[in-house]
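> Structure provided below as structure tokens; questions to follow.
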Amino acid sequence: MLSYHPGDSLAHRLDPRTKLAVQIAFVVAAFAHTTTAGLAVLTLLAVVVLTSARLSPVSALYAYRFALPFLLVGPLIEGLTLGGFDPARAFATGLASYRVLLVLLVSAAYVRSTPVRESRAAIQWAVPGKAGAFLGMGTAFVFRLLPLLVADLKRAREAMNARLGSERTVHERMALLTVMGVERALARADSFSLALRARCFAWNPTLPRLALSRTDLPAIALAIGLLLSVVY
């Protein structure tokens, strides 16, 4: 599961607002340029973004391994027709799945290079008031809890396999994992609530100061260029 890793890469040195701008511009460009040539350029750009965070594409793909089956099955299902299989329909859906994959890879670079507190500060800067505080708080909670819940599910599956749970049918294994996952999620929620109260959780904490630097200029220019490529 992807999470923040301290480092001194180019992506780590960027302001979180700049990284969010690049992500948004990349998403817009990915869904505007639907040709193979456009996706090829965006693929190279996604590799550059991953390199800036010192994250290999293989590691990023492994982190999103749970989403890959859905992206692969979608084109196959779309291509099925009453008369057989339509490659054109499958190819069009495959391009859409590939666009989603590119967006996930770029988001992986952001998660790896951005502390949770900086993400919250960037969101509250972009959305002022209680709404921004709520969104920032929710983002921070997701980033902190999701890796723990995924790790809990992994341990539950390993424990079930150690007890010959792999001999059960698929639906029985899924039912067991679902029950254990919900139980662990509720336990994590209780512990998290207690931790928030123990730390006197506040809606408006002192967040890190955000400041743009010269390092951000190329990334800002990239975001603007991506948006302009959609318009023109």
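Residues are named by chain letter and number: chains run A, B, ... in the order of the structure tokens, numbers start at 1 in each chain, and ligands are numbered from 1 in the order shown.
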Using only C-alpha atoms, which protein or nucleic acid residues come within 7 Å of range 46-50 of chain A? Drop anything in the same chain fewer than 4 positions from it, and give the result as a list in words.
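Residues near the query, excluding close chain neighbours: Leu42, Arg54, Leu55, Ser56, Pro57, Leu102, Leu105, Val106 and Ala109 of chain A.
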> Could you name the residues that touch Gly7 in chain A at 9 Å or less, counting only C-alpha atoms, but leaving out those on the same chain fewer than 4 positions away, as JSON, numbers by chain?
{"A": [12, 13, 53, 54, 113]}
> Please provide as a PyMOL selection string all residues within 8 Å of Gly94 in chain A, with the sequence filter that same-chain residues fewer than 4 positions apart are discarded (counting only C-alpha atoms).
chain A and resi 71-72+74-75+90+98
> Have a look at CA of Leu10 in chain A and CA of Trp125 in chain A and let me know their distance in Å, one decimal.
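One can read the CA of Leu10 in chain A to CA of Trp125 in chain A distance as 22.3 Å.
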> Have a look at CA of Val230 in chain A and CA of Val111 in chain A and let me know their distance in Å, one decimal.
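It comes out at 25.4 Å.
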> Env of Gln124 in chain A: 8 Å cut, atoms = only C-alpha atoms, seq-sep filter 3 positions within chain, self excluded. Answer as a list in words.
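My list of contacting residues is Arg120, Ala121, Val127, Pro128, Gly129, Gly132, Ala133, Leu135 and Gly136 of chain A.
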> Find the residue from A:Val116, A:Leu45, A:Val150, A:Val142 that sits nearest to Phe66 in chain A; use only C-alpha atoms when measuring.
A:Val150
> Quick check, in Å to one decimal: how far apart do CA of Ile220 in chain A and CA of Pro16 in chain A lie?
11.4 Å
> When DSSP works through the backbone of this structure, what residues of range 33-206 of chain A end up as strand (DSSP E or B), shown as a VMD selection string?
chain A and resid 80 to 81 84 to 85
> List the neighbours of Leu95 in chain A out to 9 Å using only C-alpha atoms; skip same-chain residues closer than 3 positions along the sequence, and give me the result as a list in words.
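Everything that qualifies: Thr34, Thr35, Thr36, Leu39, Pro75, Ala90, Phe91, Ala92, Tyr98, Arg99 and Val100 of chain A.
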